[in-house]
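Note sheet for the following structure.
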Amino acid sequence: MRITEIHGTHLEVTGPIRQYVENRLSHVAKVVGRFEPCDLRVELEKTVPAQKKGVIYLAKLNLVLPGEHLHAESDKEVLYDAVDEAVHKLARQAKKYKETH
């Protein structure tokens, strides 16, 4: 699996954030390792939806597999929690893809 981009909107994707995302995605990479081409795009976003609700972080993962496009997203108050949940959702979809192909 190749991570084609880790993009941040309204936040800087620092080295530690990039490393955290890559480490979390290693499990998904093992699941889809035999499928090629396999490209992943990561979007991280910091939003302020309403004045008194505070900052919300959004993590979107788009994985392109042969004949399939998987998408997972999550929004949380903590960036790392959003990444964890989105990766978990993507891993479930990837396992289903692997079982059918």
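For the structure tokens, the naming scheme is as follows: chains receive sequential letters (A, B, ...) according to their order of presentation, residues are indexed from 1 within each chain, and ligands are indexed from 1 in presentation order.
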So which residues of chain A fall under helix (DSSP H, G or I) by DSSP, listed as number ranges by chain? A: 15-31, 79-100
Exercise for review: Tell me which protein, DNA and RNA residues are within 12 Å of A:Tyr80, counting only C-alpha atoms, leaving out same-chain ones fewer than 6 positions away, and put them as a ChimeraX atom specification.
Suggested key: /A:16-21,23-24,44-46,56-59,74,86-87
Atom CA of A:Glu43 sits from atom CA of A:Lys60 at a separation of 5.0 Å
With distances taken over only C-alpha atoms, the candidate from A:Met1, A:Glu99, A:Gly54, A:Leu65 nearest A:Val78 is A:Gly54
Practice prompt. For A:Arg92, list every protein, DNA or RNA residue within 12 Å, evaluated using only C-alpha atoms, and leave out those in the same chain fewer than 6 positions away; present the list as a list in words.
Written response: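 Within the cut-off, the hits are His27, Val28, Val31, Val32, Leu70, His71, Ala72, Glu85, Ala86, Lys98 and Glu99 of chain A.
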Check: Which of chain A counts as strand (DSSP E or B) under DSSP, as number ranges by chain please?
Finding: A: 2-9, 39-47, 56-65, 68-76
Go ahead and save the residues from that selection, with N, CA and C atoms, as an mmCIF file, in the first residue's frame.
data_model
loop_
_atom_site.group_PDB
_atom_site.id
_atom_site.type_symbol
_atom_site.label_atom_id
_atom_site.label_comp_id
_atom_site.auth_asym_id
_atom_site.auth_seq_id
_atom_site.Cartn_x
_atom_site.Cartn_y
_atom_site.Cartn_z
ATOM 1 N N ARG A 2 0.552 2.141 -0.858
ATOM 2 C CA ARG A 2 1.328 3.369 -0.983
ATOM 3 C C ARG A 2 0.482 4.541 -0.507
ATOM 4 N N ILE A 3 0.993 5.315 0.447
ATOM 5 C CA ILE A 3 0.311 6.524 0.892
ATOM 6 C C ILE A 3 0.726 7.632 -0.064
ATOM 7 N N THR A 4 -0.209 8.060 -0.906
ATOM 8 C CA THR A 4 0.118 9.053 -1.923
ATOM 9 C C THR A 4 0.159 10.464 -1.361
ATOM 10 N N GLU A 5 -0.638 10.718 -0.309
ATOM 11 C CA GLU A 5 -0.676 12.070 0.231
ATOM 12 C C GLU A 5 -1.252 12.050 1.642
ATOM 13 N N ILE A 6 -0.671 12.874 2.507
ATOM 14 C CA ILE A 6 -1.255 13.181 3.804
ATOM 15 C C ILE A 6 -1.422 14.695 3.799
ATOM 16 N N HIS A 7 -2.664 15.120 3.684
ATOM 17 C CA HIS A 7 -2.982 16.534 3.471
ATOM 18 C C HIS A 7 -3.675 17.102 4.703
ATOM 19 N N GLY A 8 -3.310 18.299 5.094
ATOM 20 C CA GLY A 8 -3.948 18.969 6.228
ATOM 21 C C GLY A 8 -4.670 20.229 5.788
ATOM 22 N N THR A 9 -5.886 20.419 6.298
ATOM 23 C CA THR A 9 -6.653 21.633 6.045
ATOM 24 C C THR A 9 -6.822 22.345 7.382
ATOM 25 N N ASP A 39 -3.478 2.523 -3.537
ATOM 26 C CA ASP A 39 -3.076 3.879 -3.147
ATOM 27 C C ASP A 39 -4.014 4.432 -2.082
ATOM 28 N N LEU A 40 -3.441 5.151 -1.124
ATOM 29 C CA LEU A 40 -4.211 5.716 -0.024
ATOM 30 C C LEU A 40 -3.963 7.212 0.052
ATOM 31 N N ARG A 41 -5.043 7.961 0.213
ATOM 32 C CA ARG A 41 -4.966 9.408 0.402
ATOM 33 C C ARG A 41 -5.563 9.729 1.762
ATOM 34 N N VAL A 42 -4.841 10.505 2.565
ATOM 35 C CA VAL A 42 -5.269 10.870 3.911
ATOM 36 C C VAL A 42 -5.526 12.370 3.952
ATOM 37 N N GLU A 43 -6.699 12.745 4.464
ATOM 38 C CA GLU A 43 -7.033 14.151 4.648
ATOM 39 C C GLU A 43 -7.332 14.378 6.122
ATOM 40 N N LEU A 44 -6.635 15.337 6.717
ATOM 41 C CA LEU A 44 -6.864 15.719 8.105
ATOM 42 C C LEU A 44 -7.336 17.163 8.105
ATOM 43 N N GLU A 45 -8.382 17.434 8.862
ATOM 44 C CA GLU A 45 -8.961 18.773 8.834
ATOM 45 C C GLU A 45 -9.304 19.222 10.243
ATOM 46 N N LYS A 46 -9.068 20.493 10.491
ATOM 47 C CA LYS A 46 -9.444 21.110 11.764
ATOM 48 C C LYS A 46 -10.590 22.066 11.463
ATOM 49 N N THR A 47 -11.728 21.853 12.100
ATOM 50 C CA THR A 47 -12.895 22.683 11.836
ATOM 51 C C THR A 47 -13.395 23.308 13.128
ATOM 52 N N ILE A 56 -13.116 20.730 16.231
ATOM 53 C CA ILE A 56 -13.393 19.348 15.855
ATOM 54 C C ILE A 56 -12.368 18.959 14.783
ATOM 55 N N TYR A 57 -11.798 17.778 14.921
ATOM 56 C CA TYR A 57 -10.853 17.271 13.931
ATOM 57 C C TYR A 57 -11.540 16.192 13.104
ATOM 58 N N LEU A 58 -11.271 16.217 11.819
ATOM 59 C CA LEU A 58 -11.861 15.266 10.881
ATOM 60 C C LEU A 58 -10.734 14.526 10.172
ATOM 61 N N ALA A 59 -10.835 13.201 10.148
ATOM 62 C CA ALA A 59 -9.871 12.368 9.427
ATOM 63 C C ALA A 59 -10.619 11.623 8.339
ATOM 64 N N LYS A 60 -10.155 11.750 7.091
ATOM 65 C CA LYS A 60 -10.754 11.055 5.949
ATOM 66 C C LYS A 60 -9.687 10.196 5.291
ATOM 67 N N LEU A 61 -10.037 8.939 5.034
ATOM 68 C CA LEU A 61 -9.121 8.004 4.390
ATOM 69 C C LEU A 61 -9.780 7.479 3.126
ATOM 70 N N ASN A 62 -9.077 7.573 1.999
ATOM 71 C CA ASN A 62 -9.574 7.081 0.718
ATOM 72 C C ASN A 62 -8.575 6.074 0.168
ATOM 73 N N LEU A 63 -9.003 4.823 0.089
ATOM 74 C CA LEU A 63 -8.139 3.742 -0.370
ATOM 75 C C LEU A 63 -8.663 3.210 -1.703
ATOM 76 N N VAL A 64 -7.805 3.251 -2.716
ATOM 77 C CA VAL A 64 -8.169 2.758 -4.042
ATOM 78 C C VAL A 64 -7.530 1.390 -4.230
ATOM 79 N N LEU A 65 -8.392 0.388 -4.407
ATOM 80 C CA LEU A 65 -7.969 -0.992 -4.645
ATOM 81 C C LEU A 65 -8.439 -1.401 -6.036
ATOM 82 N N GLU A 68 -12.248 -1.309 -6.671
ATOM 83 C CA GLU A 68 -12.968 -0.870 -5.471
ATOM 84 C C GLU A 68 -12.361 0.415 -4.930
ATOM 85 N N HIS A 69 -13.213 1.246 -4.338
ATOM 86 C CA HIS A 69 -12.780 2.470 -3.671
ATOM 87 C C HIS A 69 -13.354 2.436 -2.260
ATOM 88 N N LEU A 70 -12.494 2.413 -1.252
ATOM 89 C CA LEU A 70 -12.934 2.381 0.138
ATOM 90 C C LEU A 70 -12.749 3.758 0.755
ATOM 91 N N HIS A 71 -13.720 4.164 1.568
ATOM 92 C CA HIS A 71 -13.673 5.478 2.204
ATOM 93 C C HIS A 71 -14.080 5.331 3.663
ATOM 94 N N ALA A 72 -13.326 5.960 4.540
ATOM 95 C CA ALA A 72 -13.663 5.970 5.963
ATOM 96 C C ALA A 72 -13.357 7.357 6.508
ATOM 97 N N GLU A 73 -14.223 7.824 7.402
ATOM 98 C CA GLU A 73 -13.962 9.111 8.032
ATOM 99 C C GLU A 73 -14.489 9.114 9.456
ATOM 100 N N SER A 74 -13.935 10.024 10.239
ATOM 101 C CA SER A 74 -14.323 10.162 11.632
ATOM 102 C C SER A 74 -14.057 11.591 12.081
ATOM 103 N N ASP A 75 -14.903 12.089 12.971
ATOM 104 C CA ASP A 75 -14.656 13.403 13.561
ATOM 105 C C ASP A 75 -14.687 13.286 15.079
ATOM 106 N N LYS A 76 -13.700 13.879 15.703
ATOM 107 C CA LYS A 76 -13.534 13.825 17.156
ATOM 108 C C LYS A 76 -12.940 15.151 17.636
#
How many Å separate atom CA of A:Leu11 from atom CA of A:Ser26?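 Answer for the atom CA of A:Leu11 to atom CA of A:Ser26 separation: 23.2 Å.
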Pairwise distance, atom CA of A:Gly67 with atom CA of A:Asp84, equals 25.7 Å
_Pick from A:Lys95, A:Thr100, A:Leu90, A:His10, whichever lies nearest to A:Val48 using only C-alpha atoms_ =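 Result for the nearest residue to A:Val48: A:His10.
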